[in-house]
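Enquirer: File follows, coords14.cif with mmCIF, C-alpha atoms:
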data_final
loop_
_atom_site.label_atom_id
_atom_site.label_comp_id
_atom_site.auth_asym_id
_atom_site.auth_seq_id
_atom_site.Cartn_x
_atom_site.Cartn_y
_atom_site.Cartn_z
CA MET O 1 127.28 106.71 39.55
CA PRO O 2 126.25 107.11 43.21
CA PRO O 3 123.77 109.93 43.88
CA SER O 4 125.46 110.40 47.27
CA SER O 5 128.53 111.73 45.43
CA GLN O 6 126.55 114.86 44.49
CA VAL O 7 128.38 118.15 45.02
CA LEU O 8 126.94 121.50 43.97
CA VAL O 9 128.69 124.54 42.50
CA PHE O 10 126.93 127.88 41.98
CA SER O 11 129.75 129.98 40.52
CA LYS O 12 129.59 130.65 36.78
CA THR O 13 132.82 128.76 36.05
CA SER O 14 131.84 126.27 33.35
CA PHE O 15 130.71 126.47 29.74
CA GLN O 16 126.98 126.31 30.61
CA ARG O 17 127.48 129.31 32.88
CA GLU O 18 124.24 130.98 31.79
CA ARG O 19 122.36 128.11 33.47
CA ILE O 20 124.24 128.40 36.77
CA THR O 21 123.19 130.66 39.65
CA PRO O 22 122.94 130.25 43.43
CA LYS O 23 119.28 129.29 42.83
CA THR O 24 120.20 126.78 40.10
CA PRO O 25 123.60 125.28 41.00
CA ARG O 26 125.43 122.85 38.76
CA ALA O 27 125.50 119.31 40.14
CA LEU O 28 128.52 117.03 39.79
CA TYR O 29 128.54 113.27 40.36
CA PHE O 30 131.55 110.96 40.26
CA ASN O 31 132.91 107.45 40.66
CA ASP O 32 136.51 106.27 40.36
CA ASP O 33 136.66 106.79 36.58
CA VAL O 34 133.90 109.15 35.43
CA TYR O 35 132.52 112.60 36.31
CA VAL O 36 129.06 113.86 35.27
CA GLY O 37 127.92 117.49 35.25
CA PHE O 38 124.22 118.43 35.30
CA CYS O 39 122.77 121.92 34.86
CA LEU O 40 119.09 122.51 35.53
CA ARG O 41 117.41 123.06 32.14
CA GLY O 42 120.84 122.67 30.54
CA ASP O 43 121.31 121.85 26.88
CA VAL O 44 123.64 118.93 27.58
CA LEU O 45 124.96 116.62 30.26
CA GLU O 46 128.74 116.96 30.62
CA PHE O 47 131.08 114.01 31.09
CA SER O 48 134.77 113.45 31.67
CA ALA O 49 136.22 109.97 31.77
CA VAL O 50 139.59 108.38 32.37
CA ASP O 51 141.16 107.50 29.01
CA THR O 52 144.08 105.07 29.25
CA GLN O 53 145.60 106.47 26.04
CA LEU O 54 144.96 110.20 26.47
CA GLY O 55 144.61 110.74 30.21
CA THR O 56 141.14 112.29 30.22
CA ALA O 57 138.43 112.52 27.55
CA PHE O 58 135.48 114.92 27.51
CA TYR O 59 131.96 114.34 26.18
CA THR O 60 128.49 115.85 26.14
CA LEU O 61 125.08 114.22 25.77
CA ASP O 62 122.28 116.31 24.24
CA GLN O 63 119.26 116.63 26.51
CA SER O 64 116.76 116.94 23.66
CA PRO O 65 114.56 113.84 23.22
CA ASP O 66 116.17 111.43 20.77
CA ASP O 67 115.47 107.82 19.83
CA ARG O 68 119.21 107.26 19.49
CA PRO O 69 121.08 109.34 22.10
CA GLN O 70 124.73 109.88 21.20
CA PHE O 71 127.79 110.98 23.14
CA ASP O 72 129.69 113.79 21.43
CA ARG O 73 133.45 113.81 21.97
CA HIS O 74 134.99 117.25 22.57
CA LYS O 75 138.53 117.75 21.31
CA ASP O 76 138.89 121.53 21.56
CA THR O 77 136.24 123.41 23.58
CA CYS O 78 136.90 121.67 26.89
CA LEU O 79 140.66 121.46 26.42
CA SER O 80 141.14 125.24 26.39
CA CYS O 81 140.83 125.03 30.18
CA HIS O 82 141.23 121.31 30.82
CA ALA O 83 144.59 120.80 29.07
CA SER O 84 146.52 123.86 30.21
CA GLY O 85 149.22 124.78 32.68
CA ALA O 86 146.58 124.49 35.41
CA THR O 87 146.28 120.75 34.69
CA GLY O 88 150.00 120.14 34.15
CA GLY O 89 149.73 120.28 30.36
CA ALA O 90 147.82 117.00 30.09
CA PRO O 91 144.05 116.64 29.69
CA GLY O 92 142.69 116.78 33.23
CA HIS O 93 140.43 118.40 35.79
CA LEU O 94 140.37 121.86 37.32
CA VAL O 95 138.71 122.57 40.66
CA ARG O 96 138.50 126.22 41.60
CA SER O 97 137.47 128.20 44.66
CA VAL O 98 136.35 131.78 43.94
CA PHE O 99 134.65 134.61 45.75
CA THR O 100 131.16 134.66 44.21
CA ASP O 101 128.45 137.32 44.21
CA ARG O 102 124.70 136.83 44.63
CA HIS O 103 124.29 136.21 40.89
CA GLY O 104 126.99 133.52 40.74
CA MET O 105 129.59 135.77 39.09
CA PRO O 106 133.18 135.19 40.25
CA ILE O 107 134.78 138.26 41.82
CA LEU O 108 138.13 137.67 40.16
CA ASN O 109 139.84 140.79 41.52
CA ALA O 110 139.43 139.30 45.02
CA GLY O 111 141.60 136.32 44.08
CA THR O 112 140.99 132.68 43.19
CA PHE O 113 142.37 129.35 44.37
CA ARG O 114 143.00 126.03 42.63
CA THR O 115 141.98 123.22 44.95
CA ASP O 116 143.43 119.79 45.70
CA HIS O 117 144.19 117.81 48.86
CA THR O 118 147.04 120.20 49.78
CA SER O 119 144.71 123.22 49.99
CA PRO O 120 143.82 124.52 53.47
CA LEU O 121 140.10 124.41 54.20
CA SER O 122 140.08 128.19 54.58
CA GLU O 123 140.71 128.50 50.81
CA ARG O 124 138.26 125.83 49.66
CA TRP O 125 134.74 125.82 48.25
CA GLY O 126 134.23 129.43 47.25
CA GLY O 127 131.28 129.23 44.85
CA TRP O 128 130.25 125.77 46.13
CA TYR O 129 127.53 124.63 48.47
CA VAL O 130 128.81 122.56 51.39
CA THR O 131 126.73 120.46 53.79
CA GLY O 132 128.32 118.98 56.87
CA THR O 133 129.92 119.84 60.17
CA HIS O 134 133.57 120.77 60.71
CA GLY O 135 133.76 122.46 64.11
CA LYS O 136 135.74 125.71 64.29
CA GLN O 137 137.46 125.16 60.95
CA THR O 138 136.28 127.65 58.34
CA HIS O 139 135.86 127.53 54.57
CA MET O 140 134.49 129.70 51.73
CA GLY O 141 131.45 127.54 50.91
CA ASN O 142 127.80 128.68 50.96
CA TRP O 143 128.94 132.32 50.66
CA LEU O 144 127.25 134.93 48.48
CA VAL O 145 129.62 137.88 48.77
CA GLU O 146 128.08 141.33 49.22
CA ASN O 147 131.25 143.35 49.90
CA LYS O 148 133.01 142.95 46.57
CA ARG O 149 135.76 145.39 47.52
CA ASP O 150 136.81 143.47 50.61
CA PRO O 151 135.18 140.03 50.99
CA ALA O 152 137.50 139.12 53.85
CA ALA O 153 136.11 141.97 55.93
CA GLU O 154 132.60 140.65 55.38
CA GLY O 155 133.47 137.11 56.43
CA ASN O 156 131.50 133.92 55.96
CA ALA O 157 130.17 133.11 59.42
CA ALA O 158 126.75 132.08 58.07
CA GLY O 159 128.32 129.59 55.67
CA GLN O 160 129.87 127.33 58.30
CA ASN O 161 128.50 124.01 59.59
CA VAL O 162 125.50 124.14 57.26
CA THR O 163 123.54 120.87 57.27
CA GLU O 164 120.69 121.68 54.88
CA LEU O 165 120.25 123.84 51.79
CA LYS O 166 116.48 124.04 51.31
CA ALA O 167 116.39 127.71 52.32
CA ARG O 168 118.90 128.58 49.57
CA PHE O 169 117.37 126.92 46.49
CA THR O 170 114.82 124.25 45.50
CA VAL O 171 116.62 121.08 46.52
CA ALA O 172 113.84 118.91 45.02
CA ASN O 173 115.25 119.74 41.56
CA TYR O 174 118.30 117.56 42.31
CA LEU O 175 118.86 113.90 43.05
CA THR O 176 119.66 114.62 46.69
CA PRO O 177 119.51 117.69 48.98
CA HIS O 178 123.23 117.39 49.79
CA SER O 179 126.57 118.82 48.75
CA ASP O 180 128.44 116.59 51.17
CA ILE O 181 131.69 117.87 52.68
CA VAL O 182 133.24 114.37 52.66
CA ALA O 183 132.35 113.92 48.99
CA LEU O 184 133.99 117.28 48.28
CA LEU O 185 137.18 116.26 50.10
CA VAL O 186 137.36 113.00 48.12
CA PHE O 187 136.49 114.78 44.86
CA GLU O 188 139.38 117.24 45.29
CA HIS O 189 141.92 114.52 46.04
CA GLN O 190 140.66 112.36 43.20
CA THR O 191 140.76 115.06 40.54
CA GLN O 192 144.36 115.89 41.42
CA ALA O 193 145.37 112.21 41.47
CA HIS O 194 143.74 111.69 38.07
CA ASN O 195 145.69 114.70 36.80
CA ARG O 196 148.97 113.22 38.08
CA ILE O 197 148.19 109.89 36.41
CA ALA O 198 147.42 111.70 33.14
CA GLN O 199 150.63 113.74 33.40
CA ALA O 200 152.66 110.58 33.98
CA LEU O 201 151.00 108.95 30.97
CA ILE O 202 151.41 111.86 28.55
CA GLY O 203 154.86 112.86 29.85
CA THR O 204 156.20 109.32 29.45
CA LYS O 205 154.76 108.95 25.95
CA GLN O 206 156.30 112.26 24.92
CA ALA O 207 159.69 111.38 26.39
CA LEU O 208 159.77 108.00 24.63
CA HIS O 209 158.61 109.56 21.34
CA PHE O 210 161.33 112.22 21.43
CA GLU O 211 163.92 109.60 22.35
CA ALA O 212 162.91 107.38 19.41
CA ALA O 213 163.19 110.32 17.02
CA LEU O 214 166.59 111.28 18.47
CA ASN O 215 167.93 107.74 18.18
CA LYS O 216 166.77 107.58 14.59
CA ASP O 217 168.28 110.94 13.64
CA LEU O 218 171.61 110.14 15.34
CA LYS O 219 171.64 106.57 14.02
CA GLU O 220 171.78 105.19 17.55
CA PRO O 221 170.31 101.81 18.53
CA ALA O 222 166.55 101.99 18.82
CA ASP O 223 166.66 100.90 22.47
CA LYS O 224 169.30 103.42 23.59
CA ARG O 225 168.01 105.09 26.77
CA TRP O 226 169.07 108.71 27.23
CA ASP O 227 169.57 110.21 30.68
CA SER O 228 167.18 113.03 29.79
CA THR O 229 164.44 110.52 29.03
CA LYS O 230 165.06 108.68 32.28
CA ARG O 231 164.95 111.92 34.28
CA ARG O 232 161.64 113.00 32.70
CA ILE O 233 160.00 109.65 33.42
CA GLU O 234 161.35 109.47 36.96
CA SER O 235 160.20 113.02 37.70
CA ALA O 236 156.65 112.18 36.57
CA GLY O 237 156.69 108.99 38.66
CA ASP O 238 158.01 110.83 41.73
CA GLN O 239 155.23 113.42 41.50
CA LEU O 240 152.64 110.69 41.09
CA ALA O 241 153.98 108.77 44.09
CA GLN O 242 153.84 111.90 46.24
CA CYS O 243 150.23 112.51 45.25
CA LEU O 244 149.19 108.91 45.85
CA LEU O 245 150.81 108.97 49.31
CA PHE O 246 149.15 112.30 50.19
CA SER O 247 152.35 114.30 50.44
CA GLY O 248 151.54 117.84 51.53
CA GLU O 249 147.96 117.00 52.55
CA ALA O 250 146.34 119.83 54.48
CA LYS O 251 145.64 118.75 58.05
CA LEU O 252 142.18 118.78 59.55
CA ASP O 253 141.94 120.60 62.87
CA GLY O 254 139.03 118.55 64.13
CA PRO O 255 136.27 116.12 63.18
CA VAL O 256 134.50 116.48 59.84
CA SER O 257 131.16 114.82 59.14
CA GLY O 258 128.97 114.80 56.04
CA THR O 259 125.20 114.81 55.70
CA SER O 260 124.65 112.05 53.12
CA ALA O 261 125.40 108.34 52.84
CA PHE O 262 128.52 109.05 50.79
CA ALA O 263 131.15 108.19 53.43
CA LYS O 264 129.47 104.90 54.36
CA GLU O 265 128.92 103.83 50.75
CA PHE O 266 132.42 104.81 49.64
CA ALA O 267 134.16 103.00 52.51
CA ALA O 268 132.14 99.83 51.90
CA ARG O 269 133.56 99.33 48.40
CA GLY O 270 136.97 98.01 49.46
CA PRO O 271 138.96 95.99 48.54
CA PHE O 272 139.81 94.74 52.02
CA ASP O 273 142.79 92.82 53.34
CA LYS O 274 142.48 89.82 55.65
CA ARG O 275 142.24 92.12 58.66
CA GLY O 276 139.38 94.10 57.11
CA ARG O 277 141.52 97.15 56.33
CA SER O 278 140.93 99.22 53.21
CA LEU O 279 142.45 102.28 51.57
CA ARG O 280 138.89 103.66 51.45
CA ALA O 281 138.61 103.78 55.25
CA PHE O 282 138.16 107.36 56.46
CA ASP O 283 139.87 109.17 59.32
CA LEU O 284 138.13 112.59 59.12
CA ASN O 285 139.72 113.84 62.34
CA THR O 286 143.24 114.88 61.38
CA ARG O 287 143.27 113.83 57.71
CA LEU O 288 140.98 112.45 55.03
CA PHE O 289 141.86 108.72 55.05
CA LYS O 290 142.94 106.40 57.83
CA TYR O 291 145.62 104.82 55.63
CA PRO O 292 147.35 107.53 53.57
CA CYS O 293 147.58 105.90 50.15
CA SER O 294 145.12 106.67 47.38
CA TYR O 295 142.56 104.07 46.34
CA LEU O 296 143.34 105.14 42.74
CA VAL O 297 146.27 102.70 42.77
CA TYR O 298 143.50 100.20 41.89
CA SER O 299 142.21 102.30 38.99
CA ASN O 300 142.30 101.44 35.30
CA GLY O 301 144.26 104.61 34.65
CA PHE O 302 147.08 103.61 36.98
CA ALA O 303 147.08 99.98 35.84
CA ALA O 304 147.43 101.01 32.19
CA LEU O 305 150.36 103.42 32.66
CA PRO O 306 153.43 102.74 30.49
CA ALA O 307 155.67 100.21 32.25
CA GLU O 308 158.57 102.69 32.51
CA VAL O 309 156.70 105.17 34.72
CA LYS O 310 154.46 102.65 36.50
CA ASN O 311 157.45 100.57 37.61
CA HIS O 312 159.30 103.66 38.85
CA THR O 313 156.23 104.85 40.78
CA LEU O 314 155.77 101.45 42.43
CA LYS O 315 159.47 101.34 43.32
CA ARG O 316 159.29 104.79 44.89
CA ILE O 317 156.18 103.86 46.89
CA HIS O 318 157.85 100.64 48.05
CA ASP O 319 160.99 102.51 49.12
CA VAL O 320 158.86 104.93 51.15
CA LEU O 321 156.77 102.23 52.80
CA THR O 322 159.81 100.11 53.72
CA GLY O 323 161.69 103.09 55.16
CA LYS O 324 164.37 103.29 52.44
CA ASP O 325 163.09 106.71 51.41
CA THR O 326 162.81 109.05 54.39
CA SER O 327 162.79 112.31 52.41
CA ALA O 328 160.85 115.33 53.66
CA ALA O 329 158.02 114.76 51.17
CA TYR O 330 156.98 111.71 53.22
CA ALA O 331 157.61 113.01 56.72
CA HIS O 332 153.86 112.93 57.37
CA LEU O 333 153.89 109.11 57.30
CA THR O 334 154.44 107.41 60.64
CA ALA O 335 156.06 103.99 60.92
CA ALA O 336 152.61 102.55 61.60
CA ASP O 337 151.23 104.26 58.46
CA ARG O 338 153.99 102.79 56.30
CA THR O 339 153.58 99.29 57.67
CA ALA O 340 149.78 99.29 57.34
CA VAL O 341 149.76 100.61 53.77
CA LEU O 342 152.48 98.15 52.75
CA GLU O 343 150.52 95.22 54.17
CA ILE O 344 147.24 96.34 52.59
CA LEU O 345 148.80 96.79 49.15
CA ARG O 346 150.57 93.42 49.30
CA GLU O 347 147.22 91.71 49.79
CA THR O 348 144.96 93.81 47.57
CA LEU O 349 146.92 95.26 44.63
CA PRO O 350 147.27 92.76 41.77
CA ASP O 351 150.44 92.18 39.74
CA LEU O 352 152.91 93.75 42.16
CA PRO O 353 156.58 93.15 41.34
CA ASP O 354 158.18 90.25 43.19
CA TYR O 355 160.27 92.50 45.44
CA TRP O 356 157.03 93.75 47.06
CA LYS O 357 156.26 90.27 48.33
CA LYS O 358 159.48 89.65 50.23
#
For the file at hand, write its structure as C-alpha cells.

Expert:
Amino acid sequence: MPPSSQVLVFSKTSFQRERITPKTPRALYFNDDVYVGFCLRGDVLEFSAVDTQLGTAFYTLDQSPDDRPQFDRHKDTCLSCHASGATGGAPGHLVRSVFTDRHGMPILNAGTFRTDHTSPLSERWGGWYVTGTHGKQTHMGNWLVENKRDPAAEGNAAGQNVTELKARFTVANYLTPHSDIVALLVFEHQTQAHNRIAQALIGTKQALHFEAALNKDLKEPADKRWDSTKRRIESAGDQLAQCLLFSGEAKLDGPVSGTSAFAKEFAARGPFDKRGRSLRAFDLNTRLFKYPCSYLVYSNGFAALPAEVKNHTLKRIHDVLTGKDTSAAYAHLTAADRTAVLEILRETLPDLPDYWKK
C-alpha cells in the first residue's frame, strides 16, 4: 500500500466521524484492489477490498494491542451507505464533495456532490485537503466555510494551488505531509470503475439467477436465454465499457501537478508494451491519462467477471477501438487514441479473444 497514495478528508462523512476534524483528518490509502482508512486515535482501521464474488467487501481491524489481530467482516453497518442507489445497488465506494465548516460538519443545505472522473473540478474535494498546482482551475478543497448561508459568495481563493498543509494541522501525525491532487484524480476514477465492475458482477449474477428460476418454473430448457436477460447483461457491460474508456471524463483546462511521488511511482508499475507505452502513463494537461483506457482492465475484479458480461464488455471495447462503434459516448477518443489503446491491450492484456489479435 504506497504511502504516496495518501489523501486526506476532514469532513465528518464516515462512521468514525467523531475522530475527524480539520485538525485531525482521516487518511485514505489505496492500491489497485484495496483501500485503507486511518483516523488519528481511531478505534479501528477501515478496509475495503475487491471481492470477486460480491464486488466489494468491508472490514475493520481493532487498534487495541492484541497478540492475534483479526479482521472483522462487516455485512450491515458499511452497506447502509456502500450498497445503495449511490453505488448502483452493488457493494461499492462513495466519494463525496461537501461544503464543510470549521469543525468538519457538512453544510448539507448548501448542496453535496458525488464525485467520479466525470465531475468538473469546480465541484470536487469539498471537505478534502488537496496539495498540488492546477493553474486557474478551481476546486472546493482546503476550504473551511464561514458563510454557511451562501458559501459561493465567500469563495475559496485561499484553497487553490496549495502545496503544503503544515499550517492547517500537524502533518507529522501522518505517513506523509501530502494529499496529492494526482492521487485524488486517480482515486476518484478508480472508485467509480470498481463500482462499475461490481455492478456488472452482481447484475449478471442476478439476471442469470432469475433466468434459471424462470426456466425451471416454465419447464423450459435450462440453457434457454431470454431477451430480457441478454439486455440486462449487455447494459451492464456497456456501462462498464464506457467507464473503462473514460466516457464523459471532465476535461482539464491546464496542467495539473502533485506534490508527492505518487505520479512517478504509479506510472512506473506498467505493464508496458514493446514501445514502452502503458495505460498508467499520465497526461495531466487536458485529461488524466495519456491513453484513455483504465488500468483496471488488468485487475482481478475484471478478470473474474462472469464470462457473459466480460465477453460483451471486451467486444464493445474492441468495436470502439477498431472504429466499428462511433457512438457519441466515445466521441472523445481520437483515431490515434483508439489505435494506441488497441495496440497496448493486444500486447499487455492476457487471454484476449482471438478476434482481438487479427

Enquirer: List as a tab-separated table every residue of stretch 203-304 of chain O that is in contact with stretch 312-323 of chain O, defined as an atom at most 8 Å from one of its atoms (using all atoms listed in the file), together with the nearest atom pair and the distance in Å rounded to one decimal, sorted by chain and then rising number.

Expert:
residue	atom	partner	partner_atom	distance
O:Glu234	CA	O:His312	CA	6.4
O:Gly237	CA	O:Thr313	CA	4.7
O:Asp238	CA	O:Thr313	CA	6.3
O:Leu240	CA	O:Thr313	CA	6.9
O:Ala241	CA	O:Thr313	CA	5.6
O:Leu245	CA	O:Ile317	CA	7.8

Enquirer: Could you expand the PyMOL selection byres ((chain O and resi 60) around 8) into the explicit residues it covers here, written as a PyMOL selection string?

Expert: chain O and resi 44-47+58-59+61-62+71-74

Enquirer: Name every residue that the PyMOL selection byres ((chain O and resi 6) around 9) selects in this structure, writing the answer as a list of chain:residue names with chains first and numbers rising.

Expert: O:Pro2, O:Pro3, O:Ser4, O:Ser5, O:Val7, O:Leu8, O:Ala27, O:Leu28, O:Tyr29, O:Phe30, O:Tyr174, O:Leu175, O:Thr176, O:Pro177, O:His178, O:Ser179, O:Asp180, O:Ala183, O:Leu184, O:Phe262

Enquirer: I need the residue set behind the PyMOL selection byres ((chain O and resi 111-115) around 7) for this file; please write it as a list in words.

Expert: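 Output of the PyMOL selection byres ((chain O and resi 111-115) around 7): Val95, Arg96, Ser97, Val98, Leu108, Asn109, Ala110, Asp116, Ser119, Glu123, Arg124 and Glu188 of chain O.
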
Enquirer: Quote the spacing between atom CA of O:Gln190 and atom CA of O:Asp325 in Å to one decimal place.

Expert: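 So the answer is 24.5 Å.
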
Enquirer: Could you tell me which of O:Glu18, O:Asp283, O:Glu343, O:Asp66 comes closest to O:Val256 if we count all atoms listed in the file?

Expert: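 Closest residue, counting all atoms listed in the file: O:Asp283.
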
Enquirer: Pick the closest to O:Asn161 from O:Ser257, O:Gln192, O:Gln206, O:Thr100: which is it, counting only C-alpha atoms?

Expert: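 Smallest separation from O:Asn161 among the options: O:Ser257.
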
Enquirer: With all atoms listed in the file as the atoms that count, which of O:Phe210, O:Tyr129, O:Phe187, O:Phe272 lies nearest to O:Val162?

Expert: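 Among O:Phe210, O:Tyr129, O:Phe187, O:Phe272, it is O:Tyr129 that comes nearest to O:Val162.
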
Enquirer: Considering only C-alpha atoms, can you say which of O:Val9, O:Leu288, O:Leu279, O:Ala167 comes closest to O:Ile344?

Expert: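 Going through O:Val9, O:Leu288, O:Leu279, O:Ala167 one by one, the smallest distance to O:Ile344 is for O:Leu279.
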